[in-house]
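*Asks:* Provided herewith: upload-v1.tsv, TSV, C-alpha atoms.
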```tsv
chain	number	residue	atom	x	y	z
A	1	MET	CA	113.51	-9.53	4.93
A	2	ASP	CA	110.99	-10.78	7.48
A	3	LEU	CA	107.52	-9.46	6.67
A	4	GLY	CA	105.97	-10.92	9.80
A	5	PRO	CA	102.70	-12.81	10.15
A	6	HIS	CA	100.94	-10.78	7.43
A	7	ALA	CA	103.48	-11.39	4.67
A	8	ASP	CA	100.88	-13.07	2.42
A	9	PHE	CA	98.68	-9.98	2.45
A	10	ILE	CA	101.60	-7.67	1.66
A	11	LEU	CA	102.95	-9.83	-1.16
A	12	ALA	CA	99.46	-10.38	-2.60
A	13	SER	CA	98.88	-6.59	-2.68
A	14	TYR	CA	102.09	-5.98	-4.62
A	15	ALA	CA	101.40	-8.92	-6.95
A	16	VAL	CA	97.91	-7.64	-7.81
A	17	TYR	CA	99.29	-4.14	-8.32
A	18	ALA	CA	102.03	-5.36	-10.66
A	19	VAL	CA	99.67	-7.57	-12.67
A	20	VAL	CA	96.97	-4.89	-13.14
A	21	LEU	CA	99.41	-2.12	-14.11
A	22	ALA	CA	101.42	-4.42	-16.39
A	23	ALA	CA	98.22	-5.58	-18.10
A	24	LEU	CA	97.04	-1.98	-18.53
A	25	ALA	CA	100.39	-0.88	-19.99
A	26	ALA	CA	100.57	-3.94	-22.27
A	27	TRP	CA	97.02	-3.34	-23.54
A	28	LEU	CA	97.85	0.33	-24.31
A	29	VAL	CA	101.07	-0.60	-26.13
A	30	TYR	CA	99.30	-3.37	-28.11
A	31	ASP	CA	96.42	-1.04	-28.99
A	32	GLY	CA	98.85	1.65	-30.18
A	33	VAL	CA	100.74	-0.81	-32.41
A	34	HIS	CA	97.46	-2.22	-33.75
A	35	GLN	CA	95.99	1.20	-34.61
A	36	GLN	CA	99.24	2.38	-36.21
A	37	ARG	CA	99.33	-0.78	-38.35
A	38	LEU	CA	95.73	-0.25	-39.49
A	39	LEU	CA	96.51	3.36	-40.34
A	40	ASP	CA	99.66	2.41	-42.27
A	41	ASP	CA	97.71	-0.22	-44.23
A	42	LEU	CA	95.01	2.28	-45.16
A	43	GLU	CA	97.54	4.90	-46.19
A	44	ALA	CA	99.48	2.33	-48.22
A	45	ARG	CA	96.26	1.59	-50.11
A	46	GLY	CA	96.05	5.29	-50.96
A	47	ALA	CA	93.18	6.11	-48.60
A	48	THR	CA	92.93	9.80	-47.77
A	49	ARG	CA	90.50	11.78	-45.71
A	50	ARG	CA	87.59	13.45	-47.52
A	51	SER	CA	88.83	16.98	-46.92
A	52	ARG	CA	92.29	16.19	-48.23
A	53	ALA	CA	90.91	14.21	-51.15
A	54	GLY	CA	88.42	16.99	-51.89
A	55	ARG	CA	91.14	19.62	-51.85
A	56	ALA	CA	93.33	17.54	-54.13
A	57	GLU	CA	90.43	17.04	-56.53
A	58	LYS	CA	89.64	20.73	-56.50
A	59	ASN	CA	93.27	21.65	-57.22
A	60	THR	CA	93.44	19.34	-60.25
A	61	LYS	CA	90.25	20.76	-61.80
A	62	PRO	CA	90.88	23.27	-64.57
B	1	MET	CA	98.71	33.08	-33.01
B	2	THR	CA	100.97	34.31	-30.22
B	3	ASN	CA	97.97	34.79	-27.90
B	4	GLN	CA	96.98	31.11	-28.10
B	5	SER	CA	96.78	29.33	-24.77
B	6	ILE	CA	98.46	25.95	-24.25
B	7	THR	CA	95.10	24.17	-24.53
B	8	GLN	CA	94.37	25.98	-27.81
B	9	LYS	CA	97.78	25.04	-29.17
B	10	LEU	CA	97.21	21.41	-28.21
B	11	ALA	CA	93.75	21.44	-29.79
B	12	ASN	CA	95.37	20.35	-33.03
B	13	PRO	CA	95.63	16.52	-32.84
B	14	THR	CA	98.62	16.47	-35.21
B	15	ARG	CA	100.49	18.90	-32.97
B	16	PHE	CA	99.48	16.88	-29.91
B	17	MET	CA	100.77	13.67	-31.53
B	18	SER	CA	104.09	15.27	-32.33
B	19	LEU	CA	104.55	16.80	-28.87
B	20	SER	CA	103.32	13.76	-26.92
B	21	GLY	CA	105.49	11.45	-29.04
B	22	ALA	CA	108.55	13.38	-27.88
B	23	ILE	CA	107.48	13.64	-24.21
B	24	LEU	CA	106.04	10.15	-23.60
B	25	PRO	CA	109.26	8.06	-23.41
B	26	TRP	CA	110.79	10.54	-20.94
B	27	LEU	CA	107.63	10.73	-18.86
B	28	ALA	CA	107.31	6.93	-18.70
B	29	GLY	CA	111.01	6.53	-17.85
B	30	LEU	CA	110.83	9.18	-15.13
B	31	ALA	CA	107.69	7.53	-13.70
B	32	VAL	CA	109.40	4.13	-13.45
B	33	ALA	CA	112.53	5.66	-11.88
B	34	VAL	CA	110.54	7.57	-9.24
B	35	ILE	CA	108.37	4.51	-8.46
B	36	VAL	CA	111.43	2.29	-8.02
B	37	PHE	CA	113.04	4.90	-5.76
B	38	GLY	CA	109.82	5.40	-3.76
B	39	LEU	CA	109.30	1.65	-3.28
B	40	TYR	CA	112.94	1.20	-2.30
B	41	ARG	CA	112.51	3.93	0.34
B	42	GLY	CA	109.24	2.38	1.44
B	43	TRP	CA	110.65	-1.12	1.82
B	44	THR	CA	113.67	0.14	3.75
B	45	ALA	CA	111.59	2.38	6.05
B	46	PRO	CA	110.98	1.14	9.60
B	47	PRO	CA	107.76	-0.78	10.25
B	48	ASP	CA	104.87	1.11	11.81
B	49	TYR	CA	104.44	0.85	15.59
B	50	GLN	CA	100.79	-0.18	15.15
B	51	GLN	CA	100.50	-1.66	11.65
B	52	GLY	CA	103.88	-3.38	11.66
B	53	GLU	CA	105.01	-4.52	8.22
B	54	THR	CA	101.56	-4.02	6.67
B	55	ILE	CA	102.48	-0.32	6.38
B	56	ARG	CA	104.20	-1.47	3.12
B	57	ILE	CA	100.73	-1.85	1.58
B	58	MET	CA	100.06	1.85	2.23
B	59	TYR	CA	102.85	2.86	-0.18
B	60	ILE	CA	100.75	1.50	-3.04
B	61	HIS	CA	97.23	1.72	-1.61
B	62	VAL	CA	97.25	5.46	-0.85
B	63	PRO	CA	98.57	6.53	-4.31
B	64	ALA	CA	95.96	4.25	-5.95
B	65	ALA	CA	93.18	5.88	-3.89
B	66	TRP	CA	94.39	9.39	-4.78
B	67	LEU	CA	94.69	8.50	-8.47
B	68	ALA	CA	91.23	6.90	-8.48
B	69	MET	CA	89.84	10.32	-7.55
B	70	LEU	CA	92.26	12.31	-9.71
B	71	GLY	CA	91.30	10.11	-12.67
B	72	TYR	CA	87.65	10.90	-12.21
B	73	ALA	CA	88.40	14.61	-11.80
B	74	LEU	CA	90.26	14.43	-15.12
B	75	VAL	CA	87.29	12.71	-16.78
B	76	ALA	CA	84.96	15.39	-15.37
B	77	ILE	CA	87.17	18.34	-16.40
B	78	SER	CA	87.60	16.86	-19.88
B	79	SER	CA	83.84	16.34	-20.13
B	80	PHE	CA	83.30	19.96	-19.13
B	81	GLY	CA	85.82	20.98	-21.82
B	82	LEU	CA	83.84	19.02	-24.39
B	83	LEU	CA	80.37	20.28	-23.46
B	84	VAL	CA	81.28	23.94	-22.83
B	85	PHE	CA	84.34	24.70	-24.96
B	86	ARG	CA	84.01	21.92	-27.57
B	87	HIS	CA	87.75	21.34	-27.31
B	88	PRO	CA	88.66	18.76	-29.98
B	89	LEU	CA	90.79	16.69	-27.62
B	90	ALA	CA	88.52	16.90	-24.57
B	91	ASP	CA	86.55	13.78	-25.44
B	92	VAL	CA	89.75	11.96	-26.39
B	93	SER	CA	91.10	12.78	-22.92
B	94	ALA	CA	87.90	11.73	-21.11
B	95	LYS	CA	87.73	8.44	-23.01
B	96	ALA	CA	91.41	7.65	-22.37
B	97	ALA	CA	91.25	8.49	-18.65
B	98	ALA	CA	88.28	6.25	-17.79
B	99	PRO	CA	89.92	2.78	-17.98
B	100	ILE	CA	93.06	4.05	-16.25
B	101	GLY	CA	91.03	5.60	-13.44
B	102	ALA	CA	89.01	2.38	-13.17
B	103	ALA	CA	92.22	0.34	-12.87
B	104	PHE	CA	93.54	2.51	-10.03
B	105	THR	CA	90.15	2.40	-8.29
B	106	LEU	CA	90.19	-1.39	-8.50
B	107	LEU	CA	93.73	-1.40	-7.08
B	108	ALA	CA	92.69	0.89	-4.22
B	109	LEU	CA	89.79	-1.46	-3.40
B	110	VAL	CA	91.83	-4.68	-3.60
B	111	THR	CA	94.89	-3.42	-1.71
B	112	GLY	CA	92.66	-1.75	0.89
B	113	SER	CA	90.84	-5.02	1.35
B	114	LEU	CA	94.11	-6.95	1.71
B	115	TRP	CA	95.26	-4.40	4.30
B	116	GLY	CA	91.88	-4.50	6.09
B	117	LYS	CA	91.88	-8.22	6.81
B	118	PRO	CA	94.95	-8.24	9.11
B	119	MET	CA	94.26	-4.75	10.53
B	120	TRP	CA	90.47	-4.62	10.91
B	121	GLY	CA	89.79	-8.36	10.92
B	122	THR	CA	87.69	-8.19	7.76
B	123	TYR	CA	88.22	-7.79	4.02
B	124	TRP	CA	85.18	-5.57	3.61
B	125	VAL	CA	82.65	-3.50	5.50
B	126	TRP	CA	79.79	-1.55	3.96
B	127	ASP	CA	80.91	1.73	5.46
B	128	ALA	CA	80.76	5.13	3.82
B	129	ARG	CA	84.34	5.33	2.47
B	130	LEU	CA	84.59	1.81	1.08
B	131	THR	CA	81.10	1.89	-0.39
B	132	SER	CA	81.60	5.30	-2.02
B	133	VAL	CA	84.87	4.13	-3.64
B	134	LEU	CA	83.07	1.00	-4.89
B	135	MET	CA	80.42	3.33	-6.37
B	136	LEU	CA	83.22	5.29	-8.06
B	137	PHE	CA	84.45	2.04	-9.63
B	138	PHE	CA	80.96	1.24	-10.92
B	139	LEU	CA	80.66	4.80	-12.21
B	140	TYR	CA	83.83	4.31	-14.29
B	141	LEU	CA	82.41	1.03	-15.63
B	142	GLY	CA	79.12	2.79	-16.37
B	143	LEU	CA	80.89	5.52	-18.36
B	144	MET	CA	82.76	2.95	-20.44
B	145	ALA	CA	79.64	0.81	-20.96
B	146	LEU	CA	77.53	3.81	-21.99
B	147	ARG	CA	80.12	4.97	-24.51
B	148	SER	CA	80.54	1.55	-26.08
B	149	SER	CA	76.78	1.01	-26.32
B	150	ILE	CA	76.26	4.02	-28.63
B	151	GLU	CA	77.62	3.70	-32.15
B	152	GLU	CA	77.39	7.37	-33.12
B	153	GLU	CA	80.57	8.82	-31.68
B	154	THR	CA	79.46	12.44	-31.17
B	155	LEU	CA	76.30	11.39	-29.33
B	156	ALA	CA	78.24	8.86	-27.24
B	157	ALA	CA	80.74	11.56	-26.28
B	158	LYS	CA	78.03	14.03	-25.21
B	159	LEU	CA	75.98	11.52	-23.21
B	160	THR	CA	79.08	10.15	-21.50
B	161	ALA	CA	80.18	13.70	-20.66
B	162	VAL	CA	76.80	14.48	-19.09
B	163	LEU	CA	76.93	11.31	-16.98
B	164	ALA	CA	80.53	12.11	-15.97
B	165	LEU	CA	79.52	15.59	-14.78
B	166	VAL	CA	76.51	14.28	-12.87
B	167	GLY	CA	78.71	11.63	-11.28
B	168	VAL	CA	81.30	14.15	-10.08
B	169	ILE	CA	79.27	14.46	-6.86
B	170	ILE	CA	80.95	11.20	-5.82
B	171	LEU	CA	84.28	13.00	-5.22
B	172	PRO	CA	83.25	15.26	-2.30
B	173	PHE	CA	81.11	12.36	-1.06
B	174	ILE	CA	84.24	10.16	-0.78
B	175	LYS	CA	86.15	12.91	1.02
B	176	ILE	CA	83.35	13.93	3.41
B	177	SER	CA	82.43	10.31	4.20
B	178	VAL	CA	85.37	10.00	6.60
B	179	GLU	CA	86.20	13.53	7.63
B	180	GLY	CA	82.91	15.40	7.57
B	181	LEU	CA	82.75	19.01	6.47
B	182	SER	CA	82.62	22.20	8.46
B	183	VAL	CA	82.17	25.60	6.78
B	184	PRO	CA	81.26	27.94	9.65
B	185	TRP	CA	80.73	31.05	7.50
B	186	LEU	CA	78.13	29.14	5.48
B	187	GLY	CA	76.61	27.54	8.56
B	188	LEU	CA	77.39	24.15	6.98
B	189	GLU	CA	78.18	21.27	9.31
B	190	ILE	CA	78.26	17.74	7.93
B	191	PRO	CA	79.44	15.22	10.54
B	192	ALA	CA	81.80	12.39	9.61
B	193	TRP	CA	79.90	9.16	9.10
B	194	ASN	CA	80.34	6.03	11.10
B	195	THR	CA	83.31	4.38	9.41
B	196	LEU	CA	86.25	2.09	10.05
B	197	HIS	CA	88.40	3.98	7.57
B	198	GLN	CA	90.83	6.42	9.16
B	199	PRO	CA	90.86	10.09	8.04
B	200	SER	CA	93.66	11.48	5.89
B	201	SER	CA	97.10	11.37	7.52
B	202	VAL	CA	98.87	13.52	4.93
B	203	PHE	CA	96.71	16.39	3.68
B	204	ARG	CA	95.47	17.94	6.93
B	205	SER	CA	95.05	21.53	8.02
B	206	ASP	CA	97.33	20.81	11.00
B	207	GLY	CA	100.02	19.08	8.89
B	208	PRO	CA	100.82	15.42	8.16
B	209	LYS	CA	100.30	12.98	11.03
B	210	ILE	CA	102.79	10.35	9.96
B	211	HIS	CA	106.51	10.19	10.65
B	212	ALA	CA	108.89	11.57	8.02
B	213	SER	CA	110.45	8.10	7.56
B	214	GLN	CA	107.08	6.91	6.21
B	215	LEU	CA	105.79	10.19	4.78
B	216	TYR	CA	108.60	10.71	2.24
B	217	PRO	CA	108.45	7.20	0.72
B	218	LEU	CA	104.69	7.64	0.47
B	219	LEU	CA	105.07	10.98	-1.31
B	220	TYR	CA	107.72	9.57	-3.70
B	221	CYS	CA	105.42	6.65	-4.52
B	222	ALA	CA	102.48	9.02	-5.02
B	223	LEU	CA	104.56	11.19	-7.35
B	224	GLY	CA	105.84	8.17	-9.29
B	225	PHE	CA	102.40	6.62	-9.78
B	226	THR	CA	100.96	10.04	-10.72
B	227	LEU	CA	103.62	10.38	-13.43
B	228	LEU	CA	102.77	6.84	-14.56
B	229	PHE	CA	99.07	7.75	-14.64
B	230	PHE	CA	99.77	10.70	-16.95
B	231	ALA	CA	102.10	8.63	-19.14
B	232	LEU	CA	99.38	5.98	-19.53
B	233	HIS	CA	96.81	8.69	-20.17
B	234	MET	CA	98.98	10.28	-22.85
B	235	LYS	CA	99.45	6.88	-24.50
B	236	GLY	CA	95.70	6.25	-24.33
B	237	MET	CA	95.03	9.63	-25.97
B	238	ARG	CA	97.52	8.90	-28.76
B	239	ASN	CA	95.83	5.53	-29.39
B	240	GLU	CA	92.42	7.17	-29.50
B	241	ILE	CA	93.58	9.79	-32.03
B	242	LEU	CA	94.98	7.00	-34.23
B	243	ARG	CA	91.70	5.05	-33.85
B	244	ARG	CA	89.73	8.10	-35.01
B	245	ARG	CA	92.04	8.63	-37.98
B	246	VAL	CA	91.55	4.99	-38.99
B	247	LYS	CA	87.79	5.39	-38.69
B	248	ALA	CA	87.81	8.62	-40.73
B	249	LEU	CA	89.86	6.98	-43.49
B	250	ARG	CA	87.56	3.95	-43.60
B	251	ILE	CA	84.46	6.15	-43.83
B	252	ALA	CA	86.09	8.19	-46.60
B	253	GLU	CA	86.93	4.98	-48.47
B	254	VAL	CA	83.37	3.68	-48.19
B	255	ASP	CA	81.98	7.06	-49.34
B	256	ARG	CA	84.27	7.10	-52.36
B	257	ALA	CA	83.36	3.52	-53.25
B	258	ARG	CA	79.65	4.40	-53.04
B	259	ALA	CA	80.13	7.52	-55.15
B	260	ALA	CA	82.04	5.53	-57.78
B	261	GLU	CA	79.29	2.90	-57.80
B	262	ALA	CA	76.61	5.55	-58.26
B	263	ALA	CA	78.54	7.25	-61.08
B	264	ALA	CA	79.26	4.01	-62.98
B	265	PRO	CA	75.82	3.53	-64.71
B	266	ALA	CA	75.77	7.17	-65.83
B	267	GLU	CA	79.05	6.66	-67.66
```
Could you take the file, read its structure, and then write that structure out as structure tokens?
*Replies:*
Amino acid sequence: MDLGPHADFILASYAVYAVVLAALAAWLVYDGVHQQRLLDDLEARGATRRSRAGRAEKNTKP
Amino acid sequence: MTNQSITQKLANPTRFMSLSGAILPWLAGLAVAVIVFGLYRGWTAPPDYQQGETIRIMYIHVPAAWLAMLGYALVAISSFGLLVFRHPLADVSAKAAAPIGAAFTLLALVTGSLWGKPMWGTYWVWDARLTSVLMLFFLYLGLMALRSSIEEETLAAKLTAVLALVGVIILPFIKISVEGLSVPWLGLEIPAWNTLHQPSSVFRSDGPKIHASQLYPLLYCALGFTLLFFALHMKGMRNEILRRRVKALRIAEVDRARAAEAAAPAE
């Protein structure tokens, strides 16, 4: 396909577009995996939120 | 329970996570499919009689410009939802939308500049449309910088929301900068400013001004990138909910450790 005398500008536009959107998507996917891993680690160590822990404590009291 | 609105139902982060987890893969897949189709239609459309092949840049530049403004509108509506209705997910939405909106604003500026050089003879002019979109980009950066500079999350959310609502004036400013505004029954007449940027060719009171062979690819691309925007936004919101859960668990752990430390001497 002949893009004419302005081919560089057209290809550069699409290249920038692809790089920015790919970087944004990759960052979001990485961040999601990272946060999920942190959450799994905390839960594996038995960490619970105050409200849940408080409720559990209350339920075990005589 | 049956009278709950959709926003009330989604106010529960756990319910949101479950629902968005099911929707997200389909939304992302549909976005990619529509974008591929739109770009295929765009690249097989005839060149423009004036712009020639550089019309291809419009199939990505115009959606980016629309989404730059839609992103900010989403930040502003979410901020309003936080300040007025105290919706639990409003701040999550505003925070997630800002970097995505900033990315599309950057893309609108860069692709516009790359289109401007062969068409206008310059990468940049300080005219009303270009300058106001640059201000929008800085506004996004300002929102993100303000939020990250305040450690206390509730305060950061409120201050960022106030700035977002003040900054919403930029949206009509961007629109009016090229087209002016005439509201005869209010006696309001704002002339279009001196600008190189052409007025809208699609959303006009007298109908679109571009040929169907270029209009449909443009609309498919706009739809595809809009779906992608919402898929990215949904992913960003899910990440933010996870981040807040991690933070809540860490705080609870520290509190428990402190309480145990304080109780130890007494025993």
*Asks:* Using only C-alpha atoms, pick whichever of A:Met1, A:Leu28, A:Ala15, A:Ala44 has the shortest atom-to-atom distance to chain B.
*Replies:* A:Leu28
*Asks:* Which value, in Å to one decimal, gives the distance between atom CA of B:Arg250 and atom CA of B:Ala231?
*Replies:* 28.8 Å
*Asks:* Only residues of chain A matter here; which ones have an atom within 8 Å of chain B, counting only C-alpha atoms? Give them as a PyMOL selection string.
*Replies:* chain A and resi 3-4+6-7+9-10+12-14+16-17+20-21+24-25+28-29+31-32+35-36+38-39+42+47-50
*Asks:* Using only C-alpha atoms, which residues sit within 7 Å of stretch 67-71 of chain B once same-chain residues fewer than 6 positions away are excluded, as a ChimeraX atom specification?
*Replies:* /B:97,101-102,104-105,171,226
*Asks:* To one decimal in Å, tell me the separation between atom CA of B:Pro63 and atom CA of B:Met144.
*Replies:*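 One can read the atom CA of B:Pro63 to atom CA of B:Met144 distance as 22.9 Å.
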*Asks:* Go through B:Leu139, B:Leu227, B:Leu188, B:Ala263 and flag the residue nearest B:Leu165, using only C-alpha atoms for the distances.
*Replies:*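 Looking only at the distances to B:Leu165, the closest residue turns out to be B:Leu139.
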*Asks:* For atom CA of B:Leu109 and atom CA of B:Ala156, determine how far apart the two atoms are, in Å to one decimal place.
*Replies:*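 Separating atom CA of B:Leu109 from atom CA of B:Ala156 is a distance of 28.4 Å.
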*Asks:* So which residues fall inside 7 Å of (80.6, 18.1, -21.5) if we count all atoms listed in the file? Mind giving them as a PyMOL selection string?
*Replies:* chain B and resi 79-84+158+161-162
*Asks:* Neighbouring residues of B:Leu130 were defined as those with any atom within 10 Å, considering only C-alpha atoms; residues of the same chain fewer than 5 positions away were excluded. Please report them as a list in words.
*Replies:*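 Contacts, in chain order: Ala108, Leu109, Gly112, Ser113, Trp124, Val125, Met135, Leu136, Ile174, Ser177, Val178, Thr195, Leu196 and His197 of chain B.
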